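> Pasting query11.cif below, which is mmCIF, C-alpha atoms.
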```cif
data_run
#
loop_
_atom_site.group_PDB
_atom_site.id
_atom_site.type_symbol
_atom_site.label_atom_id
_atom_site.label_comp_id
_atom_site.auth_asym_id
_atom_site.auth_seq_id
_atom_site.Cartn_x
_atom_site.Cartn_y
_atom_site.Cartn_z
ATOM 1 C CA ASP A 1 89.824 121.203 79.505
ATOM 2 C CA GLY A 2 87.029 119.887 77.283
ATOM 3 C CA GLY A 3 85.701 117.119 79.516
ATOM 4 C CA ASN A 4 85.216 113.476 78.580
ATOM 5 C CA THR A 5 82.355 111.184 77.580
ATOM 6 C CA LEU A 6 80.347 108.334 79.065
ATOM 7 C CA ARG A 7 79.063 105.826 76.493
ATOM 8 C CA ALA A 8 76.803 102.769 76.585
ATOM 9 C CA TYR A 9 76.972 100.046 73.913
ATOM 10 C CA ASP A 10 74.616 97.219 73.016
ATOM 11 C CA LEU A 11 76.182 93.878 73.968
ATOM 12 C CA VAL A 12 74.522 92.065 71.072
ATOM 13 C CA ASP A 13 75.699 94.142 68.112
ATOM 14 C CA GLY A 14 78.080 96.657 69.683
ATOM 15 C CA ALA A 15 75.968 99.608 68.582
ATOM 16 C CA LEU A 16 76.180 102.836 70.533
ATOM 17 C CA ARG A 17 73.029 103.137 72.675
ATOM 18 C CA TRP A 18 73.696 106.558 74.191
ATOM 19 C CA GLN A 19 76.474 108.883 75.227
ATOM 20 C CA LEU A 20 76.970 111.823 77.586
ATOM 21 C CA PRO A 21 77.257 114.616 76.753
ATOM 22 C CA GLU A 22 74.957 113.993 73.787
ATOM 23 C CA ALA A 23 76.763 114.266 70.464
ATOM 24 C CA ASP A 24 74.239 116.773 69.107
ATOM 25 C CA GLY A 25 73.565 118.500 72.418
ATOM 26 C CA ALA A 26 74.190 122.173 73.031
ATOM 27 C CA PRO A 27 77.677 122.842 74.439
ATOM 28 C CA HIS A 28 77.800 123.684 78.145
ATOM 29 C CA ALA A 29 79.855 126.583 79.462
ATOM 30 C CA LEU A 30 81.487 124.219 81.975
ATOM 31 C CA ALA A 31 82.823 120.890 80.728
ATOM 32 C CA THR A 32 81.887 117.724 82.612
ATOM 33 C CA TRP A 33 84.552 115.222 83.632
ATOM 34 C CA PHE A 34 83.460 111.718 84.595
ATOM 35 C CA SER A 35 85.947 110.503 87.211
ATOM 36 C CA GLY A 36 85.848 106.860 86.153
ATOM 37 C CA PRO A 37 83.608 104.010 84.969
ATOM 38 C CA PRO A 38 80.161 103.846 86.558
ATOM 39 C CA LEU A 39 78.873 101.321 89.055
ATOM 40 C CA VAL A 40 75.929 99.513 87.407
ATOM 41 C CA THR A 41 73.215 97.964 89.541
ATOM 42 C CA GLY A 42 69.957 96.824 87.968
ATOM 43 C CA SER A 43 68.482 99.582 85.820
ATOM 44 C CA GLU A 44 70.612 102.290 87.434
ATOM 45 C CA LEU A 45 74.198 103.389 87.238
ATOM 46 C CA TYR A 46 76.157 105.563 89.652
ATOM 47 C CA VAL A 47 78.973 107.743 88.372
ATOM 48 C CA LEU A 48 81.157 110.517 89.806
ATOM 49 C CA ALA A 49 81.123 113.705 87.744
ATOM 50 C CA GLU A 50 82.998 116.977 88.162
ATOM 51 C CA GLN A 51 81.961 120.297 86.672
ATOM 52 C CA GLY A 52 83.485 123.653 87.504
ATOM 53 C CA GLY A 53 85.188 122.243 90.588
ATOM 54 C CA GLU A 54 81.990 120.672 91.978
ATOM 55 C CA VAL A 55 82.050 116.882 92.334
ATOM 56 C CA ARG A 56 78.715 115.107 92.473
ATOM 57 C CA LEU A 57 77.319 111.597 92.510
ATOM 58 C CA GLU A 58 74.908 111.042 89.628
ATOM 59 C CA CYS A 59 72.340 108.266 89.411
ATOM 60 C CA ARG A 60 71.343 107.629 85.803
ATOM 61 C CA SER A 61 69.166 105.207 83.855
ATOM 62 C CA THR A 62 71.025 102.405 82.121
ATOM 63 C CA ASP A 63 68.432 102.511 79.316
ATOM 64 C CA ASP A 64 69.090 106.015 78.015
ATOM 65 C CA GLY A 65 71.525 107.706 80.425
ATOM 66 C CA SER A 66 68.871 110.099 81.708
ATOM 67 C CA LEU A 67 69.492 111.641 85.122
ATOM 68 C CA ARG A 68 67.388 110.219 87.959
ATOM 69 C CA TRP A 69 68.975 112.134 90.831
ATOM 70 C CA GLN A 70 72.246 113.693 91.891
ATOM 71 C CA GLN A 71 73.989 114.625 95.133
ATOM 72 C CA PRO A 72 76.781 117.228 95.383
ATOM 73 C CA LEU A 73 79.748 115.810 97.291
ATOM 74 C CA ALA A 74 82.541 118.392 97.333
ATOM 75 C CA ASN A 75 83.779 121.658 95.872
ATOM 76 C CA TYR A 76 87.441 121.968 94.921
ATOM 77 C CA ASP A 77 89.447 125.161 94.618
ATOM 78 C CA ASP A 78 91.478 125.826 91.479
ATOM 79 C CA SER A 79 94.508 123.912 92.767
ATOM 80 C CA GLU A 80 92.520 120.679 93.107
ATOM 81 C CA THR A 81 90.159 120.781 90.140
ATOM 82 C CA ILE A 82 90.484 117.940 87.683
ATOM 83 C CA THR A 83 91.557 120.343 84.907
ATOM 84 C CA ASN A 84 94.605 121.555 86.851
ATOM 85 C CA PRO A 85 97.799 119.885 85.553
ATOM 86 C CA GLU A 86 98.912 119.442 89.175
ATOM 87 C CA ALA A 87 95.832 117.268 89.776
ATOM 88 C CA ARG A 88 96.458 115.055 86.738
ATOM 89 C CA SER A 89 96.710 111.947 88.920
ATOM 90 C CA ARG A 90 93.080 112.290 89.969
ATOM 91 C CA ARG A 91 92.006 112.518 86.336
ATOM 92 C CA LEU A 92 93.791 109.225 85.620
ATOM 93 C CA ALA A 93 92.742 107.350 88.764
ATOM 94 C CA GLY A 94 89.430 106.008 87.372
ATOM 95 C CA LEU A 95 87.486 106.624 90.593
ATOM 96 C CA THR A 96 84.307 104.571 90.875
ATOM 97 C CA PRO A 97 81.558 104.358 93.556
ATOM 98 C CA ALA A 98 80.897 101.145 95.494
ATOM 99 C CA LEU A 99 77.579 100.022 97.013
ATOM 100 C CA ALA A 100 76.729 97.720 99.924
ATOM 101 C CA ASP A 101 73.972 97.636 102.551
ATOM 102 C CA GLY A 102 72.365 100.761 101.135
ATOM 103 C CA VAL A 103 75.550 102.846 101.392
ATOM 104 C CA ILE A 104 77.310 104.275 98.329
ATOM 105 C CA VAL A 105 80.995 104.934 99.066
ATOM 106 C CA CYS A 106 82.624 107.476 96.767
ATOM 107 C CA PRO A 107 86.408 107.919 96.599
ATOM 108 C CA LEU A 108 87.061 111.485 95.492
ATOM 109 C CA GLY A 109 90.834 111.690 95.605
ATOM 110 C CA ALA A 110 92.418 114.858 97.011
ATOM 111 C CA GLY A 111 92.495 113.153 100.412
ATOM 112 C CA CYS A 112 88.768 112.509 100.771
ATOM 113 C CA VAL A 113 86.226 109.692 100.627
ATOM 114 C CA VAL A 114 82.501 110.248 101.248
ATOM 115 C CA ALA A 115 79.407 108.086 101.560
ATOM 116 C CA VAL A 116 75.805 108.631 100.481
ATOM 117 C CA ASP A 117 72.692 106.938 101.841
ATOM 118 C CA ALA A 118 71.104 105.316 98.787
ATOM 119 C CA ALA A 119 67.569 105.450 100.229
ATOM 120 C CA SER A 120 67.510 109.081 101.369
ATOM 121 C CA ARG A 121 70.005 110.233 98.712
ATOM 122 C CA SER A 122 71.782 112.304 101.338
ATOM 123 C CA LEU A 123 75.355 112.560 102.581
ATOM 124 C CA LEU A 124 76.089 110.000 105.265
ATOM 125 C CA TRP A 125 79.703 110.694 106.227
ATOM 126 C CA ALA A 126 83.040 112.009 104.988
ATOM 127 C CA HIS A 127 86.572 110.954 105.869
ATOM 128 C CA ALA A 128 89.846 112.782 105.213
ATOM 129 C CA TYR A 129 92.915 110.542 104.921
ATOM 130 C CA ALA A 130 96.625 111.347 104.947
ATOM 131 C CA ARG A 131 98.062 112.251 101.544
ATOM 132 C CA PHE A 132 101.543 111.984 100.161
ATOM 133 C CA THR A 133 103.734 114.870 101.298
ATOM 134 C CA PRO A 134 104.892 117.474 98.752
ATOM 135 C CA ASP A 135 108.372 115.900 98.846
ATOM 136 C CA GLU A 136 106.951 112.454 98.063
ATOM 137 C CA HIS A 137 104.816 113.939 95.299
ATOM 138 C CA GLU A 138 107.841 115.734 93.802
ATOM 139 C CA ARG A 139 109.963 112.561 93.902
ATOM 140 C CA GLY A 140 107.187 110.805 92.009
ATOM 141 C CA GLY A 141 107.223 113.451 89.301
ATOM 142 C CA GLY A 142 103.619 114.352 90.055
ATOM 143 C CA ALA A 143 102.390 111.043 88.621
ATOM 144 C CA LEU A 144 100.634 108.174 90.334
ATOM 145 C CA LEU A 145 103.039 107.448 93.169
ATOM 146 C CA SER A 146 101.656 104.199 94.434
ATOM 147 C CA ALA A 147 99.169 101.736 93.070
ATOM 148 C CA GLY A 148 95.825 102.126 94.750
ATOM 149 C CA GLU A 149 92.284 100.953 94.256
ATOM 150 C CA PRO A 150 89.912 103.159 92.237
ATOM 151 C CA THR A 151 87.005 101.971 94.374
ATOM 152 C CA ALA A 152 86.443 101.085 98.016
ATOM 153 C CA ILE A 153 86.302 97.406 99.011
ATOM 154 C CA LEU A 154 83.075 96.822 100.965
ATOM 155 C CA ALA A 155 82.228 93.756 103.062
ATOM 156 C CA GLN A 156 80.970 92.753 106.508
ATOM 157 C CA GLY A 157 80.117 96.308 107.503
ATOM 158 C CA PHE A 158 83.538 97.755 106.608
ATOM 159 C CA ALA A 159 84.906 99.958 103.833
ATOM 160 C CA VAL A 160 88.589 99.528 102.992
ATOM 161 C CA VAL A 161 90.182 102.349 101.018
ATOM 162 C CA SER A 162 93.588 102.156 99.310
ATOM 163 C CA PRO A 163 93.862 105.657 97.782
ATOM 164 C CA TYR A 164 96.165 106.430 94.876
ATOM 165 C CA ASP A 165 97.211 109.714 96.554
ATOM 166 C CA GLY A 166 97.878 108.379 100.050
ATOM 167 C CA PRO A 167 100.484 106.120 101.659
ATOM 168 C CA GLY A 168 98.106 104.031 103.756
ATOM 169 C CA LEU A 169 95.388 101.395 103.798
ATOM 170 C CA VAL A 170 92.367 102.749 105.669
ATOM 171 C CA CYS A 171 89.487 100.710 107.115
ATOM 172 C CA LEU A 172 86.270 102.550 108.032
ATOM 173 C CA ARG A 173 82.933 101.463 109.456
ATOM 174 C CA LEU A 174 80.501 101.430 106.564
ATOM 175 C CA ARG A 175 77.512 102.997 108.325
ATOM 176 C CA ASP A 176 79.212 105.981 109.959
ATOM 177 C CA GLY A 177 82.731 106.258 108.492
ATOM 178 C CA HIS A 178 84.393 105.797 111.885
ATOM 179 C CA PRO A 179 88.090 104.860 111.428
ATOM 180 C CA VAL A 180 88.747 101.265 112.469
ATOM 181 C CA TRP A 181 92.438 100.910 111.573
ATOM 182 C CA HIS A 182 95.171 102.298 109.369
ATOM 183 C CA GLN A 183 98.285 100.621 107.989
ATOM 184 C CA PRO A 184 101.080 101.862 105.713
ATOM 185 C CA LYS A 185 101.052 100.325 102.250
ATOM 186 C CA ARG A 186 104.753 99.414 102.313
ATOM 187 C CA GLY A 187 104.744 98.215 98.711
ATOM 188 C CA ARG A 188 101.273 96.706 98.885
ATOM 189 C CA SER A 189 100.030 97.495 95.431
ATOM 190 C CA ARG A 190 96.579 95.891 95.271
ATOM 191 C CA VAL A 191 93.676 94.891 97.476
ATOM 192 C CA ALA A 192 92.279 91.675 95.997
ATOM 193 C CA GLY A 193 89.152 91.581 98.155
ATOM 194 C CA ILE A 194 87.726 90.330 101.441
ATOM 195 C CA VAL A 195 87.320 86.573 102.001
ATOM 196 C CA ASN A 196 86.199 84.947 105.257
ATOM 197 C CA ASN A 197 86.726 88.149 107.271
ATOM 198 C CA CYS A 198 90.242 88.541 105.830
ATOM 199 C CA LEU A 199 91.513 91.333 103.619
ATOM 200 C CA ILE A 200 93.722 89.936 100.844
ATOM 201 C CA VAL A 201 96.520 92.366 99.965
ATOM 202 C CA VAL A 202 99.012 91.869 97.136
ATOM 203 C CA SER A 203 102.526 93.297 96.848
ATOM 204 C CA ASP A 204 105.316 92.698 94.333
ATOM 205 C CA THR A 205 106.754 89.870 96.426
ATOM 206 C CA ALA A 206 103.970 88.534 98.644
ATOM 207 C CA VAL A 207 100.285 88.021 99.300
ATOM 208 C CA GLU A 208 99.042 88.891 102.800
ATOM 209 C CA SER A 209 95.863 88.194 104.710
ATOM 210 C CA LEU A 210 94.805 90.841 107.245
ATOM 211 C CA GLU A 211 91.965 90.505 109.758
ATOM 212 C CA VAL A 212 89.513 93.022 108.366
ATOM 213 C CA ALA A 213 88.128 94.013 111.791
ATOM 214 C CA THR A 214 91.522 94.711 113.359
ATOM 215 C CA GLY A 215 94.099 95.067 110.575
#
```
Show this structure as structure tokens.

Amino acid sequence: DGGNTLRAYDLVDGALRWQLPEADGAPHALATWFSGPPLVTGSELYVLAEQGGEVRLECRSTDDGSLRWQQPLANYDDSETITNPEARSRRLAGLTPALADGVIVCPLGAGCVVAVDAASRSLLWAHAYARFTPDEHERGGGALLSAGEPTAILAQGFAVVSPYDGPGLVCLRLRDGHPVWHQPKRGRSRVAGIVNNCLIVVSDTAVESLEVATG
């Protein structure tokens, strides 16, 4: 329940440049959990943080980790908070934002992905996807049931989401979150990327190419 840390190291000598929370900072009544590694772009980094059930997108300086702006994304009840043992999979998923065409797509787990307009720093859209059923979750022992991607794959005006807590591949329009297509994973464990308008999907026994606009 004590949260985790975000650290930046110097590439030249490996020295610690900064960390959050600060090592000598005053303890906060509510621990902060960073959902996964940040997305770094230029002098800024974007990271998902959860505190007291509130999940927010934080934009911070790469120089010293100082907060530039933040946008609340969701509020979870006790059953979904990252500190609940039943939500352990979300703590381990390593969820990371993705950025393209001025849109920051944030996978939150718990059946939800949201997007933020990078220019206005406001919520753009939210999409709820199908989750594993309680029976499927129980058969998986409450662990990660199916390999998924910790970040959305963005290209050509689409966002493809392969959530760790859902049985499907979901393609959304990047600008408005409108669902374009949905396909069951069926053993597809990884999304390698988008090449020449084709989504490359990897399973244990095959590599597939799906038309990104139609599935």
> Using the chain letters and residue numbers of this document, give as a PyMOL selection string the residues selected by the PyMOL selection byres ((chain A and resi 213) around 8).
chain A and resi 158+180+197+211-212+214-215
> Selected by the PyMOL selection byres ((chain A and resi 19) around 8) in the shown coordinates: which residues, as a count of residues only?
12
> Report, in Å to a single decimal, how far apart CA of Gly109 (chain A) and CA of Thr96 (chain A) are.
10.8 Å
> Applying 7 Å and all atoms listed in the file, which residues near Cys59 (chain A) remain after dropping the ones on its own chain fewer than 4 positions away? List them as a PyMOL selection string.
chain A and resi 44-47+67-70
> Report the distance between CA of Leu154 (chain A) and CA of Ala100 (chain A) in Å, rounded to one decimal place.
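One can read the CA of Leu154 (chain A) to CA of Ala100 (chain A) distance as 6.5 Å.
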> Which is closest to Val161 (chain A) among A:Asp204, A:Pro85, A:Ser43, A:Leu95, if we use only C-alpha atoms?
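Looking only at the distances to Val161 (chain A), the closest residue turns out to be A:Leu95.
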> Calculate how many Å separate CA of Gln183 (chain A) from CA of Gly168 (chain A), rounding to one decimal.
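Separating CA of Gln183 (chain A) from CA of Gly168 (chain A) is a distance of 5.4 Å.
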> Which residue gives the smallest distance to Ser35 (chain A) among A:Leu11, A:Ile153, A:Ala93, A:Ala192, with only C-alpha atoms counted?
A:Ala93
> So what does the PyMOL selection byres ((chain A and resi 113) around 7) actually pick up in this one, as a ChimeraX atom specification?
/A:106-108,112,114,126-128
> What box, with edges along x, y and z, holds each listed atom of region 186-191 of chain A when 4 Å is added on every side, and can you state its centre and edge lengths in Å to one decimal, as AutoDock Vina command-line options?

```
--center_x 99.2 --center_y 97.2 --center_z 98.8 --size_x 19.1 --size_y 12.5 --size_z 15.0
```
